[in-house]
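This is work-v8.cif. It holds mmCIF, C-alpha atoms and all ligand atoms.
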data_query
#
loop_
_atom_site.label_atom_id
_atom_site.label_comp_id
_atom_site.auth_asym_id
_atom_site.auth_seq_id
_atom_site.Cartn_x
_atom_site.Cartn_y
_atom_site.Cartn_z
CA MET A 20 14.82 -18.40 4.20
CA ASP A 21 15.80 -19.93 0.90
CA ASP A 22 19.31 -19.47 -0.26
CA ALA A 23 20.27 -18.07 -3.62
CA SER A 24 23.16 -16.32 -5.27
CA SER A 25 23.75 -14.42 -8.47
CA SER A 26 25.17 -17.63 -9.99
CA ASN A 27 21.65 -19.03 -10.36
CA ARG A 28 20.12 -15.75 -11.48
CA PRO A 29 17.57 -16.26 -14.29
CA ASP A 30 17.94 -14.56 -17.65
CA LEU A 31 16.66 -11.00 -17.22
CA SER A 32 15.96 -9.98 -20.80
CA ALA A 33 12.37 -11.19 -21.41
CA TYR A 34 10.60 -9.50 -18.50
CA TRP A 35 9.64 -5.86 -19.12
CA MET A 36 9.55 -4.35 -15.66
CA PRO A 37 6.88 -1.82 -14.59
CA PHE A 38 7.85 1.76 -13.69
CA THR A 39 11.51 0.75 -14.04
CA ALA A 40 14.34 1.85 -16.30
CA ASN A 41 14.83 -1.67 -17.64
CA ARG A 42 18.28 -1.21 -19.15
CA GLN A 43 19.60 0.39 -15.97
CA PHE A 44 18.09 -2.31 -13.75
CA LYS A 45 19.42 -5.15 -15.86
CA ALA A 46 22.91 -3.64 -15.83
CA ASP A 47 22.84 -3.59 -12.03
CA PRO A 48 19.98 -5.85 -10.87
CA ARG A 49 18.52 -5.72 -7.40
CA LEU A 50 16.85 -9.03 -6.71
CA PHE A 51 15.39 -10.05 -3.41
CA VAL A 52 15.23 -13.79 -2.88
CA ALA A 53 13.63 -14.12 0.56
CA ALA A 54 12.00 -12.09 3.31
CA ARG A 55 11.14 -12.46 6.98
CA GLY A 56 9.77 -9.90 9.41
CA LEU A 57 11.20 -6.49 8.47
CA TYR A 58 14.04 -7.78 6.30
CA TYR A 59 14.55 -8.78 2.70
CA ARG A 60 17.51 -10.93 1.75
CA THR A 61 19.30 -10.01 -1.48
CA GLU A 62 20.69 -12.60 -3.88
CA ASP A 63 24.17 -11.96 -2.53
CA GLY A 64 22.98 -12.72 1.00
CA ARG A 65 22.63 -9.20 2.44
CA GLU A 66 19.80 -8.36 4.87
CA VAL A 67 17.95 -5.17 3.95
CA LEU A 68 15.47 -3.37 6.20
CA ASP A 69 12.17 -2.91 4.38
CA ALA A 70 11.17 0.60 5.44
CA THR A 71 8.54 0.80 2.69
CA SER A 72 6.51 -2.39 3.32
CA GLY A 73 7.33 -3.44 -0.23
CA LEU A 74 5.14 -0.94 -2.09
CA TRP A 75 3.22 0.34 0.97
CA CYS A 76 1.52 -3.02 1.38
CA VAL A 77 3.22 -5.58 3.67
CA ASN A 78 1.65 -4.19 6.84
CA ALA A 79 1.81 -7.47 8.79
CA GLY A 80 5.49 -7.99 7.95
CA HIS A 81 7.07 -10.63 5.73
CA GLY A 82 6.85 -14.39 5.97
CA ARG A 83 3.86 -14.75 8.28
CA PRO A 84 3.00 -18.47 8.40
CA GLU A 85 -0.64 -17.69 9.38
CA ILE A 86 -1.24 -16.16 5.95
CA ALA A 87 0.83 -18.66 3.97
CA GLU A 88 -0.90 -21.63 5.60
CA ALA A 89 -4.38 -20.18 5.04
CA VAL A 90 -3.55 -19.73 1.35
CA GLN A 91 -2.24 -23.28 1.06
CA ARG A 92 -5.33 -24.68 2.80
CA GLN A 93 -7.60 -22.72 0.47
CA LEU A 94 -5.73 -23.80 -2.65
CA LEU A 95 -5.96 -27.44 -1.68
CA THR A 96 -9.66 -27.11 -0.79
CA LEU A 97 -10.99 -24.93 -3.61
CA ASP A 98 -8.57 -23.34 -6.04
CA TYR A 99 -11.09 -21.36 -8.07
CA ALA A 100 -14.82 -20.92 -8.50
CA PRO A 101 -16.61 -18.88 -11.17
CA ALA A 102 -16.98 -15.29 -10.06
CA PHE A 103 -20.18 -14.48 -11.98
CA GLN A 104 -23.54 -15.99 -10.94
CA MET A 105 -21.65 -18.42 -8.67
CA SER A 106 -19.24 -17.95 -5.79
CA HIS A 107 -17.62 -19.56 -2.74
CA PRO A 108 -17.67 -18.90 1.04
CA ALA A 109 -14.29 -17.14 1.41
CA ALA A 110 -15.40 -14.04 -0.53
CA PHE A 111 -18.45 -13.56 1.71
CA GLU A 112 -16.43 -14.26 4.83
CA LEU A 113 -13.79 -11.69 3.97
CA ALA A 114 -16.40 -9.08 3.03
CA SER A 115 -18.17 -9.57 6.37
CA ARG A 116 -14.91 -9.43 8.31
CA ILE A 117 -13.72 -6.21 6.76
CA ALA A 118 -17.17 -4.60 6.87
CA GLU A 119 -16.81 -4.79 10.68
CA LEU A 120 -13.84 -2.44 10.44
CA THR A 121 -15.14 0.30 8.17
CA PRO A 122 -16.94 3.50 9.19
CA ALA A 123 -20.62 2.91 9.88
CA GLY A 124 -22.63 2.24 6.76
CA LEU A 125 -19.75 1.56 4.36
CA ASP A 126 -20.61 -2.10 4.44
CA ARG A 127 -21.16 -3.17 0.84
CA ILE A 128 -17.97 -4.39 -0.75
CA PHE A 129 -17.05 -5.02 -4.36
CA PHE A 130 -13.75 -6.89 -4.78
CA THR A 131 -11.11 -6.16 -7.41
CA ASN A 132 -7.60 -7.43 -8.08
CA SER A 133 -5.69 -4.20 -7.52
CA GLY A 134 -5.92 -0.63 -6.35
CA SER A 135 -6.10 0.59 -9.93
CA GLU A 136 -9.14 -1.58 -10.59
CA ALA A 137 -10.66 -0.44 -7.30
CA VAL A 138 -10.48 3.16 -8.51
CA GLU A 139 -12.02 2.36 -11.89
CA THR A 140 -14.77 0.44 -10.11
CA ALA A 141 -15.55 3.30 -7.74
CA LEU A 142 -15.73 5.78 -10.63
CA LYS A 143 -18.06 3.45 -12.53
CA ILE A 144 -20.28 2.94 -9.47
CA ALA A 145 -20.53 6.73 -9.10
CA LEU A 146 -21.79 6.93 -12.69
CA ALA A 147 -24.24 4.07 -12.09
CA TYR A 148 -25.57 5.83 -8.98
CA HIS A 149 -26.28 9.08 -10.79
CA ARG A 150 -27.87 7.21 -13.67
CA ALA A 151 -30.11 5.29 -11.26
CA ARG A 152 -31.26 8.66 -9.87
CA GLY A 153 -32.04 9.96 -13.32
CA GLU A 154 -28.98 12.22 -13.43
CA GLY A 155 -26.97 10.32 -16.01
CA GLN A 156 -25.56 13.62 -17.33
CA ARG A 157 -23.29 13.79 -14.28
CA THR A 158 -20.19 12.31 -15.87
CA ARG A 159 -17.31 14.54 -14.83
CA PHE A 160 -14.77 13.56 -12.20
CA ILE A 161 -12.66 15.83 -10.04
CA GLY A 162 -9.27 14.60 -8.86
CA ARG A 163 -6.32 16.47 -7.40
CA GLU A 164 -2.85 17.50 -8.51
CA ARG A 165 -0.12 15.10 -7.31
CA ALA A 166 -2.69 12.34 -6.70
CA TYR A 167 -1.89 8.74 -7.56
CA HIS A 168 -4.92 6.58 -8.29
CA GLY A 169 -3.27 3.81 -10.28
CA VAL A 170 -2.61 3.32 -13.95
CA ASN A 171 -5.89 2.57 -15.70
CA PHE A 172 -7.58 5.24 -17.77
CA GLY A 173 -9.86 6.56 -15.05
CA GLY A 174 -7.28 6.51 -12.28
CA MET A 175 -4.61 7.99 -14.52
CA SER A 176 -6.98 10.78 -15.54
CA VAL A 177 -8.13 11.75 -12.05
CA GLY A 178 -4.52 11.28 -10.91
CA GLY A 179 -2.17 14.21 -10.97
CA LEU A 180 1.33 12.92 -11.73
CA VAL A 181 2.51 14.32 -15.06
CA ASN A 182 4.90 11.50 -15.97
CA ASN A 183 2.11 8.95 -15.70
CA ARG A 184 -0.28 11.05 -17.79
CA ARG A 185 1.69 12.70 -20.56
CA THR A 186 2.18 9.64 -22.79
CA PHE A 187 -1.42 8.48 -22.87
CA THR A 188 -4.91 9.61 -23.83
CA LEU A 189 -6.92 10.75 -20.84
CA LEU A 190 -10.57 10.44 -19.96
CA PRO A 191 -12.50 13.55 -21.08
CA GLY A 192 -14.29 15.72 -18.56
CA VAL A 193 -11.82 15.45 -15.69
CA ASP A 194 -10.63 18.41 -13.66
CA HIS A 195 -8.32 18.74 -10.67
CA LEU A 196 -8.11 20.51 -7.35
CA ARG A 197 -4.83 22.03 -6.25
CA HIS A 198 -2.51 19.83 -4.22
CA THR A 199 -2.11 20.69 -0.55
CA HIS A 200 1.68 20.78 -0.26
CA ASP A 201 2.69 24.10 1.26
CA LEU A 202 6.31 24.17 2.33
CA GLU A 203 6.21 27.84 3.29
CA ARG A 204 3.33 27.63 5.73
CA ASN A 205 3.34 24.01 6.87
CA ALA A 206 6.95 22.78 6.96
CA PHE A 207 7.71 20.58 9.99
CA SER A 208 4.10 20.25 11.07
CA ARG A 209 3.61 16.68 12.25
CA GLY A 210 0.22 15.16 11.56
CA GLN A 211 -2.32 17.47 9.98
CA PRO A 212 -0.86 20.81 8.90
CA ALA A 213 -2.59 23.89 10.27
CA HIS A 214 -2.89 25.74 6.97
CA GLY A 215 -4.75 24.90 3.81
CA ALA A 216 -8.40 24.08 4.61
CA GLU A 217 -9.37 26.82 2.18
CA LEU A 218 -7.83 24.79 -0.67
CA ALA A 219 -10.97 22.65 -0.51
CA ASP A 220 -12.90 25.71 -1.73
CA GLU A 221 -11.24 25.06 -5.09
CA LEU A 222 -14.01 22.53 -5.47
CA GLU A 223 -16.59 25.33 -5.40
CA ARG A 224 -14.67 27.00 -8.21
CA ARG A 225 -14.61 23.81 -10.29
CA ILE A 226 -18.36 23.50 -9.67
CA ALA A 227 -18.92 27.12 -10.66
CA LEU A 228 -16.97 26.47 -13.86
CA HIS A 229 -18.56 23.18 -14.94
CA GLY A 230 -21.95 23.16 -13.19
CA ALA A 231 -22.69 20.76 -10.35
CA ASP A 232 -25.15 18.87 -12.51
CA THR A 233 -22.30 17.69 -14.77
CA ILE A 234 -20.08 16.35 -11.97
CA ALA A 235 -20.36 12.77 -10.71
CA ALA A 236 -17.67 12.47 -8.07
CA VAL A 237 -14.61 13.84 -6.34
CA ILE A 238 -11.78 11.48 -5.48
CA VAL A 239 -8.91 12.18 -3.08
CA GLU A 240 -6.42 10.20 -1.03
CA PRO A 241 -6.95 11.16 2.65
CA VAL A 242 -3.14 11.35 2.86
CA ALA A 243 -1.62 11.81 -0.59
CA GLY A 244 0.94 9.00 -0.81
CA SER A 245 3.09 8.82 -3.93
CA GLY A 246 2.64 12.57 -4.48
CA GLY A 247 4.55 13.32 -1.29
CA VAL A 248 3.01 11.91 1.93
CA LEU A 249 0.76 14.92 2.48
CA PRO A 250 -1.62 14.65 5.45
CA PRO A 251 -4.73 16.77 4.86
CA PRO A 252 -4.76 20.28 6.33
CA VAL A 253 -6.96 20.64 9.41
CA GLY A 254 -10.56 21.07 8.23
CA TYR A 255 -9.83 20.27 4.56
CA LEU A 256 -11.59 16.92 4.29
CA GLU A 257 -14.56 18.26 6.27
CA ARG A 258 -14.92 21.09 3.77
CA LEU A 259 -14.75 18.74 0.81
CA ARG A 260 -17.46 16.64 2.46
CA ALA A 261 -19.69 19.67 3.01
CA ILE A 262 -19.28 20.94 -0.56
CA CYS A 263 -20.04 17.49 -2.00
CA ASP A 264 -23.19 17.31 0.13
CA ARG A 265 -24.28 20.78 -0.92
CA HIS A 266 -24.03 19.92 -4.62
CA GLY A 267 -24.95 16.23 -4.72
CA LEU A 268 -21.44 15.01 -5.58
CA ILE A 269 -20.16 11.59 -4.54
CA LEU A 270 -17.05 11.78 -2.35
CA ILE A 271 -14.58 8.92 -2.82
CA PHE A 272 -11.59 8.39 -0.55
CA ASP A 273 -8.82 6.36 -2.14
CA GLU A 274 -7.60 4.41 0.88
CA VAL A 275 -5.29 2.09 -1.02
CA ILE A 276 -2.38 3.24 1.18
CA THR A 277 -4.19 4.64 4.21
CA GLY A 278 -6.47 1.62 4.68
CA PHE A 279 -5.77 -1.25 7.05
CA GLY A 280 -3.92 0.40 9.86
CA ARG A 281 -1.24 2.58 8.29
CA LEU A 282 -2.38 5.79 10.04
CA GLY A 283 -2.92 4.17 13.43
CA SER A 284 -6.64 3.69 12.71
CA TRP A 285 -8.19 1.04 10.46
CA PHE A 286 -8.98 3.66 7.80
CA GLY A 287 -8.12 7.26 7.08
CA SER A 288 -11.80 8.07 7.14
CA GLN A 289 -12.03 7.12 10.83
CA HIS A 290 -8.70 8.73 11.57
CA TYR A 291 -9.90 12.09 10.33
CA GLY A 292 -13.56 11.69 11.28
CA VAL A 293 -14.86 12.28 7.76
CA THR A 294 -17.02 9.65 6.07
CA PRO A 295 -16.98 9.46 2.27
CA ASP A 296 -19.64 7.83 0.10
CA MET A 297 -17.19 5.23 -1.16
CA MET A 298 -13.71 4.08 -0.22
CA THR A 299 -11.21 2.15 -2.33
CA PHE A 300 -8.74 -0.26 -0.79
CA ALA A 301 -6.09 -2.79 -1.87
CA LYS A 302 -2.50 -3.51 -0.79
CA ALA A 303 -2.64 -4.19 2.98
CA VAL A 304 -5.99 -6.01 2.93
CA THR A 305 -3.80 -9.10 2.36
CA SER A 306 -0.63 -7.40 3.58
CA GLY A 307 0.45 -7.72 -0.04
CA TYR A 308 0.70 -11.50 0.09
CA LEU A 309 -1.75 -11.87 -2.82
CA PRO A 310 -3.41 -9.30 -5.10
CA LEU A 311 -6.74 -8.03 -3.85
CA GLY A 312 -8.52 -4.70 -3.73
CA GLY A 313 -12.02 -3.36 -3.70
CA VAL A 314 -14.54 -0.64 -3.01
CA PHE A 315 -16.60 -0.01 0.11
CA VAL A 316 -19.96 1.44 -0.85
CA GLY A 317 -21.91 3.54 1.64
CA PRO A 318 -25.66 3.88 2.16
CA ARG A 319 -26.28 6.89 -0.04
CA VAL A 320 -25.05 5.01 -3.12
CA ARG A 321 -26.15 1.52 -2.30
CA GLU A 322 -29.73 2.46 -1.43
CA TRP A 323 -30.26 3.72 -4.96
CA LEU A 324 -28.53 0.81 -6.62
CA GLU A 325 -30.15 -1.84 -4.43
CA ALA A 326 -33.61 -0.30 -4.86
CA ASP A 327 -33.97 -2.05 -8.20
CA PRO A 328 -34.77 -5.70 -7.38
CA ALA A 329 -33.05 -6.79 -10.59
CA TYR A 330 -30.02 -4.64 -9.98
CA MET A 331 -26.75 -6.00 -11.28
CA LEU A 332 -23.50 -4.13 -11.66
CA ALA A 333 -22.33 -5.00 -15.15
CA HIS A 334 -18.73 -5.07 -14.02
CA GLY A 335 -16.23 -7.61 -12.67
CA ASN A 336 -13.29 -9.82 -13.55
CA THR A 337 -12.51 -13.52 -13.79
CA TYR A 338 -10.58 -13.24 -10.54
CA THR A 339 -12.95 -10.97 -8.61
CA GLY A 340 -13.01 -12.34 -5.05
CA HIS A 341 -10.52 -15.10 -5.89
CA PRO A 342 -10.66 -17.79 -3.17
CA THR A 343 -6.94 -17.75 -2.32
CA CYS A 344 -6.77 -13.94 -2.16
CA CYS A 345 -9.82 -13.87 0.11
CA ALA A 346 -8.31 -16.57 2.34
CA ALA A 347 -5.14 -14.49 2.59
CA GLY A 348 -7.30 -11.49 3.49
CA VAL A 349 -9.16 -13.30 6.26
CA ALA A 350 -5.91 -14.63 7.78
CA ASN A 351 -4.35 -11.17 7.53
CA ILE A 352 -7.30 -9.43 9.18
CA ASN A 353 -7.33 -12.07 11.94
CA LEU A 354 -3.73 -11.46 12.80
CA MET A 355 -3.97 -7.69 12.45
CA ARG A 356 -6.85 -7.70 14.93
CA ALA A 357 -5.22 -10.20 17.31
CA GLU A 358 -2.03 -8.11 17.42
CA ASP A 359 -3.84 -4.76 17.23
CA LEU A 360 -1.54 -3.62 14.46
CA PRO A 361 -3.17 -0.19 14.03
CA ALA A 362 -2.24 0.60 17.65
CA LYS A 363 1.28 -0.69 16.99
CA ALA A 364 1.48 1.60 13.95
CA ALA A 365 0.50 4.57 16.09
CA ALA A 366 3.17 3.79 18.70
CA ALA A 367 5.94 3.05 16.20
CA GLY A 368 4.93 6.09 14.17
CA LYS A 369 5.39 8.33 17.24
CA ARG A 370 8.93 7.08 17.66
CA LEU A 371 9.72 7.41 13.96
CA GLY A 372 8.15 10.88 13.72
CA ALA A 373 9.99 12.07 16.82
CA GLY A 374 13.26 10.65 15.52
CA LEU A 375 12.87 12.31 12.14
CA GLY A 376 11.80 15.47 13.96
CA GLY A 377 15.25 15.45 15.58
CA LEU A 378 16.76 15.97 12.12
CA VAL A 379 14.98 19.26 11.35
CA ASP A 380 18.12 21.34 11.72
CA HIS A 381 20.14 19.16 9.39
CA PRO A 382 21.15 21.10 6.26
CA GLY A 383 19.94 18.20 4.11
CA VAL A 384 16.38 18.45 5.44
CA ALA A 385 13.78 20.91 4.15
CA GLU A 386 10.77 19.40 5.86
CA ILE A 387 9.45 16.44 7.84
CA ARG A 388 5.82 15.38 7.51
CA GLY A 389 3.70 12.37 8.23
CA GLU A 390 0.97 10.66 10.15
CA GLY A 391 0.75 7.30 11.91
CA LEU A 392 3.40 5.09 10.34
CA VAL A 393 3.89 6.92 7.06
CA TRP A 394 6.50 9.66 7.04
CA ALA A 395 8.51 11.66 4.55
CA ILE A 396 11.64 13.73 4.67
CA GLY A 397 11.49 16.68 2.32
CA LEU A 398 15.07 16.91 1.10
CA ALA A 399 17.02 20.12 0.61
CA PRO A 400 16.99 21.14 -3.08
CA SER A 401 20.63 20.04 -3.46
CA ILE A 402 19.72 16.39 -2.74
CA ALA A 403 17.61 14.35 -5.17
CA PRO A 404 15.61 11.37 -3.91
CA GLY A 405 17.38 8.91 -6.29
CA PRO A 406 20.89 9.31 -4.86
CA PHE A 407 19.40 9.40 -1.36
CA THR A 408 17.59 6.07 -1.67
CA GLU A 409 20.65 4.57 -3.39
CA ALA A 410 22.92 5.61 -0.51
CA LEU A 411 20.31 4.36 1.95
CA LEU A 412 20.23 0.97 0.24
CA GLN A 413 24.02 0.78 0.47
CA ARG A 414 23.49 1.12 4.23
CA GLY A 415 20.94 -1.67 4.22
CA VAL A 416 17.63 0.24 4.26
CA ILE A 417 14.94 0.59 1.58
CA GLY A 418 13.24 3.99 1.41
CA ARG A 419 10.92 5.22 -1.33
CA GLY A 420 11.91 8.25 -3.37
CA LEU A 421 9.06 10.64 -4.18
CA PRO A 422 10.40 12.92 -6.92
CA TYR A 423 7.31 15.15 -7.16
CA ALA A 424 7.92 16.31 -3.58
CA ASN A 425 11.74 15.89 -3.61
CA SER A 426 11.23 13.56 -0.69
CA VAL A 427 11.94 10.14 0.69
CA ALA A 428 9.10 8.20 2.29
CA TYR A 429 9.12 5.59 5.04
CA SER A 430 6.14 3.31 5.57
CA PRO A 431 7.53 0.23 7.32
CA PRO A 432 5.52 -2.83 8.33
CA LEU A 433 3.35 -2.08 11.36
CA ILE A 434 5.23 -4.71 13.39
CA ILE A 435 8.45 -2.66 13.34
CA THR A 436 10.28 -2.74 16.69
CA ASP A 437 11.91 0.20 18.50
CA GLU A 438 15.34 -1.18 17.58
CA GLU A 439 14.39 -1.34 13.91
CA VAL A 440 13.04 2.23 14.00
CA ASP A 441 16.36 3.30 15.51
CA GLU A 442 18.29 1.43 12.82
CA LEU A 443 16.27 3.26 10.18
CA LEU A 444 16.89 6.62 11.85
CA ALA A 445 20.63 5.97 12.16
CA ALA A 446 20.92 5.06 8.48
CA THR A 447 18.92 8.18 7.54
CA ALA A 448 21.15 10.46 9.58
CA ALA A 449 24.28 8.87 8.08
CA VAL A 450 23.02 9.34 4.52
CA LEU A 451 22.09 12.96 5.22
CA ASP A 452 25.60 13.57 6.56
CA GLU A 453 27.05 11.92 3.49
CA LEU A 454 25.01 13.90 0.94
CA ALA A 455 24.32 17.29 2.50
C1 LIG A 501 -3.65 5.77 -3.46
C2 LIG A 501 -3.44 4.70 -4.48
N1 LIG A 501 -4.44 4.35 -5.29
C3 LIG A 501 -4.31 3.39 -6.21
C4 LIG A 501 -3.12 2.73 -6.36
C5 LIG A 501 -2.98 1.67 -7.40
O1 LIG A 501 -2.91 0.41 -6.82
P1 LIG A 501 -2.32 -0.83 -7.65
O2 LIG A 501 -0.86 -0.57 -7.83
O3 LIG A 501 -2.63 -2.01 -6.78
O4 LIG A 501 -3.06 -0.88 -8.94
C6 LIG A 501 -2.04 3.04 -5.54
C7 LIG A 501 -0.76 2.33 -5.66
O5 LIG A 501 0.24 2.70 -5.09
C8 LIG A 501 -2.20 4.07 -4.58
O6 LIG A 501 -1.19 4.44 -3.79
#
structure tokens encoding of this file:
Amino acid sequence: MDDASSSNRPDLSAYWMPFTANRQFKADPRLFVAARGLYYRTEDGREVLDATSGLWCVNAGHGRPEIAEAVQRQLLTLDYAPAFQMSHPAAFELASRIAELTPAGLDRIFFTNSGSEAVETALKIALAYHRARGEGQRTRFIGRERAYHGVNFGGMSVGGLVNNRRTFTLLPGVDHLRHTHDLERNAFSRGQPAHGAELADELERRIALHGADTIAAVIVEPVAGSGGVLPPPVGYLERLRAICDRHGLILIFDEVITGFGRLGSWFGSQHYGVTPDMMTFAKAVTSGYLPLGGVFVGPRVREWLEADPAYMLAHGNTYTGHPTCCAAGVANINLMRAEDLPAKAAAAGKRLGAGLGGLVDHPGVAEIRGEGLVWAIGLAPSIAPGPFTEALLQRGVIGRGLPYANSVAYSPPLIITDEEVDELLAATAAVLDELA
């Protein structure tokens, strides 16, 4: 790892940080200067356990030479090629490699540079599909309360986090289903909660209100991430699928967090046995080493769009399918397959879930929930996530506060060892003792 100390810290004033209280950060900066495996190193030389995979993305762990070397090779071979009307082999190679992993039929892939762009792209493809079928009046989207679908206008509008929405103008014609968090009926259920399938029937009510022939698509995260780590109630996704089929709506799963092994399966769709019409992905496709996202398009949509021999999606960016990002993706997928990281996630997740389950009687804990290797502790009302994650960091562990669910989430790299899981559990128990 490189060495660094606060003495060679750059000036912090010019950079406006995202989703960060800038003044507060700059008064007490937290800068990581290196990372390897599960650990970041801070500028003052402390090792910190990354129990959040950065921002839910570094699934293969930090500092993997396989990915870094593939990126270097690609940069020195072909740094960039035009993305429109021309291309390069790495984009096609990555698309073919990841199409082998998706549910049957979801094998057309449009690349983007982020999860937010993936969501916008999926929403636009849904509109293009309905237009191709002669139903261009289907323009509404249905999202869900507490959903996070990124920060662009479409994703923000179908999203359900008030602080991200209240400052900005939203897309017209968007409605929301109820969120599925039910502390009274489902607290401490591990995996899929037993209660709440009927919440999917909200979609029938939205359809009754607006008319099916005005609605283009429904978008949900299979496991709501930033809104609280909420696995879907048993039967919920199946019901959404059935209602969409009944009324001709496109079902989109936002798999930006759940994709690429996090749940113990390659995708949430396979994990829950429900196949959407489109899936968005980002983050762990490169294990976060370089920005890349995209949309998997299934047969129902692609058959209509591909039917026109001159079909062209009037959509894309300069960096769509960037060679270095695609090279990082191929190297990442190779190592994830070679090491069977989804299976590792399932095993590590069992240990983490069981360990957190041992804390259910702690007065600081209101709830434990999770699936695979993404877990959350619902904190007692007297403990806010901010002070919790701060105390956790003092003990050398990064957790992610989820204020909408008064929770702290753990989503460590899938390579986490038993000893590292135990270190995370010990720090959690100590912080609960300190704050409860
Ligand atoms: C489910 C989901 N969708 C979309 C996004 C947006 O992705 P990005 O931050 O890459 O734009 C996120 C980011 O956390 C996410 O969790």
For ligand LIG 501 (chain A), list the contacting residues at 6 Å or closer, counting only C-alpha atoms and all ligand atoms, as a list in words.
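If we count only C-alpha atoms and all ligand atoms, the neighbours of ligand LIG 501 (chain A) turn out to be Ser133, Gly134, Ser135, Tyr167, His168, Gly169, Glu240, Gly244, Asp273, Val275 and Ile276 of chain A.
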I'd like the contact shell of Val314 of chain A - 12 Å cut-off, all atoms listed in the file, skipping same-chain residues fewer than 5 positions apart - returned as an NGL selection string.
:A and (114 or 117-118 or 121 or 125-145 or 271-275 or 278 or 295-301 or 304 or 320-321 or 339-340)
Using only C-alpha atoms, which residues sit within 9 Å of Arg260 of chain A once same-chain residues fewer than 5 positions away are excluded, as a list in words?
Tyr255, Arg265, Leu270, Val293, Thr294 and Pro295 of chain A
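Using all atoms listed in the file, the contacts of Glu453 of chain A at a cut-off of 10 Å, with sequence neighbours closer than 4 positions omitted, comprise Gly383, Phe407, Ala410, Thr447, Ala448 and Ala449 of chain A.
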Report, in Å to a single decimal, how far apart atom CA of Gly397 of chain A and atom CA of His214 of chain A are.
17.6 Å
Between segment 58-161 of chain A and segment 425-429 of chain A, at 9 Å or less, what are the per-residue closest atom pairs and their distances in Å? Count all atoms listed in the file, order by chain and rising residue number, and return it as a Markdown table.
| residue | atom | partner | partner_atom | distance |
| --- | --- | --- | --- | --- |
| A:Ala70 | CA | A:Tyr429 | CA | 5.4 |
| A:Thr71 | CA | A:Tyr429 | CA | 5.4 |
| A:Ser72 | CA | A:Tyr429 | CA | 8.6 |
| A:Trp75 | CA | A:Tyr429 | CA | 8.9 |
Check the smallest atom-to-atom distance from each of A:Ala46, A:Pro241, A:Ala216, A:Ala110 to Asp201 of chain A using all atoms listed in the file, then report the winner.
A:Ala216
Separating atom CA of Arg65 of chain A from atom CA of Pro48 of chain A, to the nearest tenth of an Å, is a gap of 14.0 Å
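Proximity of A:Ala166, A:Ala100, A:Ala33, A:Val416 to Val242 of chain A, computed with all atoms listed in the file, is greatest for A:Ala166.
The coordinates place atom CA of Ala219 of chain A at 6.0 Å from atom CA of Arg258 of chain A.
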Give the answer as one residue: which of A:Ala395, A:Cys76, A:Cys345, A:Leu421 has the shortest atom-to-atom distance to Phe111 of chain A, using all atoms listed in the file?
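So, comparing all the options, the nearest one is A:Cys345.
With distances restricted to only C-alpha atoms, A:Gly391 is the closest residue to Ala364 of chain A from A:Gly292, A:Gly377, A:Gly287, A:Gly391.
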Selected residue of minimal separation from Thr199 of chain A among A:Arg157, A:Arg42, A:His381, A:Arg163, counting all atoms listed in the file:
A:Arg163
Compute the distance from (15.4, 21.7, -4.3) to each atom, counting only C-alpha atoms, keep the residues with any atom at most 10 Å away, and return them as JSON, numbers by chain; use the coordinates of the file.
{"A": [385, 397, 398, 399, 400, 401, 402, 403, 424, 425, 426]}
